[in-house]
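Below is one structure, written out as structure tokens; comments come after it.
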Amino acid sequence: MPEVKSAVVAGGGIAGIACALRLAERGVRVTLLETRKKLGGRATSFVDVRTGETIDNCQHVALACCTNYLDLLQRLGAADRIQWHREQYWVEPGGRVSVVRPGGFPAPLHFASSVLRASFLTLGEAALLGRAMRAIMRADRAAWRARTFGEFLRDACQSERVVRRFWAPVVVSACNLDVGRVSAESALHVFQEGFLANSRSAEMGLPTVPLVELYDRAEGVIARAGGVIRLGVSVTEVSARSVRATIGTEPVEFPADAVVSALPVERLADVVSQSDRQRDDRFARLGEFEHSPILGVHVRFDRPVINLPHAVLVEGATQWLFRKDDAGSALHAVVSAADEWMPLSERQIAERIVGDIQAYFPDSVGASVVSLRAVKEKRATFAPTPAVQAIRPGPTGPSGIVLAGDWTDTGWPATMEGATRSGYVAAASVLGEAPGALLARPLAVGRVARLLGLRSAPVGAYA
Ligand SMILES: Cc1cc2nc3c(=O)[nH]c(=O)nc-3n(C[C@H](O)[C@H](O)[C@H](O)COP(=O)(O)OP(=O)(O)OC[C@H]3O[C@@H](n4cnc5c(N)ncnc54)[C@H](O)[C@@H]3O)c2cc1C
């Protein structure tokens, strides 16, 4: 491969930032083009005109197993803006709380004692869950790509109640799709890497600042490493050696030795030439990607209503609540796979969300809503159905255009980790290195987990 001295990266979301930063660090003259006036893409914040506050489009959660994303934050100097939580609080209607936290046993048994004590599952259900976890330990993810996680759970004899109370909330939040539609490969990934491999895997990292403060700094960091960021530049055509774009109405061309597209899948389809489409079958099925929506609701009450940092609402229409101030009067509610919420008005959404808060935190009854803002992200993530999993493209192909983005074949569901991995792998491709050369080490699979059959993707494996 000829030495690459210059590169253009189209799209300034997490994948584009990750790619541009690693290339700049390696001395490539990199230009990052982003259509908006800020970086961060779908992990974003905005000023709410009603309150003047800077709020996120939605709470973004990282897990300790997201080692590439954490590596990126480290490089951006933002790792200390993440607060780590070992506990998960599962709350039932009426307010009963079960705390799930790693105990004294090694992985994969670290959650066993708190699941056995949890009140939202019976002892029989906890045993059933253990049975499925044993099957998950040994499951070959790739072999399950074409089937749904619903089928896996049926094979593992899980009752409907356990699915509703445990499997559904975890899978829907992690994969943004119902258990009946999500590819088993994606869901198995979440449990193998995010729960079972290491007793730290499932620790939850929540940003302590608006998302924009994590990614704004990328501009300075990439510039100091020698790269150039161009905001407000809309890419109109990508090819292996150049990117065409417009600044306002002015057409501009950015020639380079290498071009990386870190654009959303639905945008890429419009900017690839007919000839590249014909010779590179990675572009043939872009139109078949489906999306799944997420709803984030910011709500502030006139007094404290919640005394937990976050909560899973067992069998709730609202899946997660996050406390957004010390007092517990500002909350953020998240509904993933939120198709049926998309047509609702903000008033209807408010009624449902506040109804859930009152049902699960009865002390909140009587508190008044001071402000509420619902943010609907209709195309929040691609939908990892078996059909979509089968068509996620790899980073390189005959057209020479390098692809990145959470929707490419990262092996992960649509996450900040998947986006970062894709960016690092794209950078390695541009540098002519092995796909995994720039990837961070995953958390080690615990000894007992290994003995029980769990295998992690080796470092350097892609997909
Ligand atoms: C509501 C919501 C909640 C989420 N929650 C979580 C979570 O809790 N944990 C988690 O890990 N992940 C979460 N995600 C997913 C995560 O945000 C994404 O996986 C990640 O941000 C995708 O990054 P990306 O760079 O691949 O894509 P994008 O963020 O889509 O980046 C693509 C970039 O390309 C730019 N662009 C588009 N067209 C052009 C053009 N013509 N020219 C130039 N630039 C262009 C866009 O403006 C954007 O900046 C959530 C996503 C949403 C929407």
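Convention: chains lettered A, B, ... in structure tokens order; per-chain residue numbering from 1; ligands numbered from 1 as shown.
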For segment 137-177 of chain A against segment 182-197 of chain A, with a cut-off of 9 Å and counting only C-alpha atoms, what is the closest atom pair and its distance in Å to one decimal for every residue that makes the cut, ordered by chain and number, as a tab-separated table?
residue	atom	partner	partner_atom	distance
A:Met137	CA	A:Gln192	CA	6.5
A:Ala139	CA	A:Leu188	CA	7.7
A:Asp140	CA	A:Glu185	CA	8.3
A:Arg141	CA	A:Glu185	CA	4.7
A:Ala142	CA	A:Glu185	CA	6.1
A:Ala143	CA	A:Glu185	CA	7.7
A:Trp144	CA	A:Glu185	CA	5.2
A:Arg145	CA	A:Glu185	CA	4.8
A:Ala146	CA	A:Ser183	CA	6.7
A:Arg147	CA	A:Ser183	CA	5.8
A:Thr148	CA	A:Ser183	CA	4.4
A:Phe149	CA	A:Ala184	CA	3.9
A:Gly150	CA	A:Ala184	CA	7.6
A:Glu151	CA	A:Ala184	CA	7.9
A:Phe152	CA	A:Ala184	CA	6.7
A:Val170	CA	A:Val190	CA	8.8
A:Val171	CA	A:Ala187	CA	6.2
A:Val172	CA	A:Val182	CA	8.7
A:Ala174	CA	A:Val190	CA	7.1
A:Cys175	CA	A:Ala187	CA	7.0
A:Asn176	CA	A:Val182	CA	8.4
A:Leu177	CA	A:Val182	CA	5.6
If we count only C-alpha atoms and set the cut-off at 12 Å, which residues sit around Gly394 of chain A, ignoring sequence neighbours fewer than 3 positions away in its own chain? Please answer as a count of residues only. 30
Mind giving me the straight-line distance from atom CA of Ala414 of chain A to atom CA of Gly232 of chain A in Å, one decimal?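 Between these atoms lies a distance of 25.1 Å.
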Near-ligand residues for ligand 1, threshold 7 Å, only C-alpha atoms and all ligand atoms, as a short mmCIF file (atom, residue, chain, number, x, y, z; two decimals) with C-alpha atoms, in the first residue's frame:
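Result saved to out10.cif:
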data_model
loop_
_atom_site.label_atom_id
_atom_site.label_comp_id
_atom_site.auth_asym_id
_atom_site.auth_seq_id
_atom_site.Cartn_x
_atom_site.Cartn_y
_atom_site.Cartn_z
CA ALA A 10 -16.55 12.76 6.09
CA GLY A 11 -18.81 13.01 9.16
CA GLY A 12 -17.90 14.33 12.60
CA GLY A 13 -19.77 11.91 14.83
CA ILE A 14 -17.90 9.64 17.23
CA ALA A 15 -16.71 7.35 14.40
CA GLY A 16 -15.33 10.29 12.40
CA LEU A 33 -15.74 17.48 7.38
CA GLU A 34 -18.96 17.89 9.35
CA THR A 35 -22.16 19.39 8.03
CA ARG A 36 -23.31 20.75 11.38
CA LEU A 39 -19.04 17.61 16.45
CA GLY A 40 -20.58 14.57 18.16
CA GLY A 41 -23.28 13.53 15.69
CA ARG A 42 -26.06 11.57 17.38
CA ALA A 43 -24.44 11.88 20.81
CA ASN A 57 -30.82 14.60 23.05
CA CYS A 58 -30.82 11.55 25.31
CA GLN A 59 -28.93 10.05 28.23
CA HIS A 60 -25.94 8.13 26.81
CA VAL A 61 -24.61 5.25 28.91
CA ALA A 62 -21.24 3.54 28.46
CA VAL A 233 -19.34 21.58 5.25
CA SER A 234 -21.90 19.30 3.59
CA VAL A 235 -20.44 16.36 1.73
CA THR A 236 -22.16 15.72 -1.60
CA ALA A 262 -18.17 8.17 8.66
CA LEU A 263 -21.57 9.34 7.42
CA PRO A 264 -24.90 7.87 8.58
CA ARG A 267 -26.69 9.66 3.87
CA ILE A 294 -35.53 6.38 20.97
CA LEU A 295 -37.43 8.86 23.11
CA GLY A 296 -35.66 10.93 25.78
CA GLU A 377 -35.01 10.59 17.70
CA ARG A 379 -33.65 7.34 13.36
CA ALA A 380 -31.78 6.92 16.62
CA THR A 381 -29.97 3.73 15.61
CA ALA A 404 -16.81 3.79 9.39
CA GLY A 405 -19.91 4.33 11.50
CA ASP A 406 -21.78 2.41 14.21
CA TRP A 407 -23.81 0.69 11.47
CA ALA A 414 -25.34 0.73 17.56
CA THR A 415 -23.29 2.19 20.39
CA MET A 416 -20.58 4.72 21.06
CA GLU A 417 -18.22 1.72 21.43
CA GLY A 418 -19.22 0.38 18.02
CA ALA A 419 -18.74 3.84 16.48
#
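Between atom CA of Ser336 of chain A and atom CA of Arg138 of chain A there is a distance of 28.1 Å.
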Can you list every residue in segment 42-286 of chain A that DSSP puts in strand (DSSP E or B), as a ChimeraX atom specification? /A:45-47,54-56,62-63,82-85,88-91,97-100,148,183,204-207,228-231,234-238,242-247,250-255,258-261,272
All residues 7 Å or closer to segment 270-278 of chain A, only C-alpha atoms, same chain fewer than 5 positions away omitted, as an MDAnalysis selection string: chainID A and resid 236:239 283:284 399
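Atom CA of Val163 of chain A lies 8.4 Å from atom CA of Val179 of chain A.
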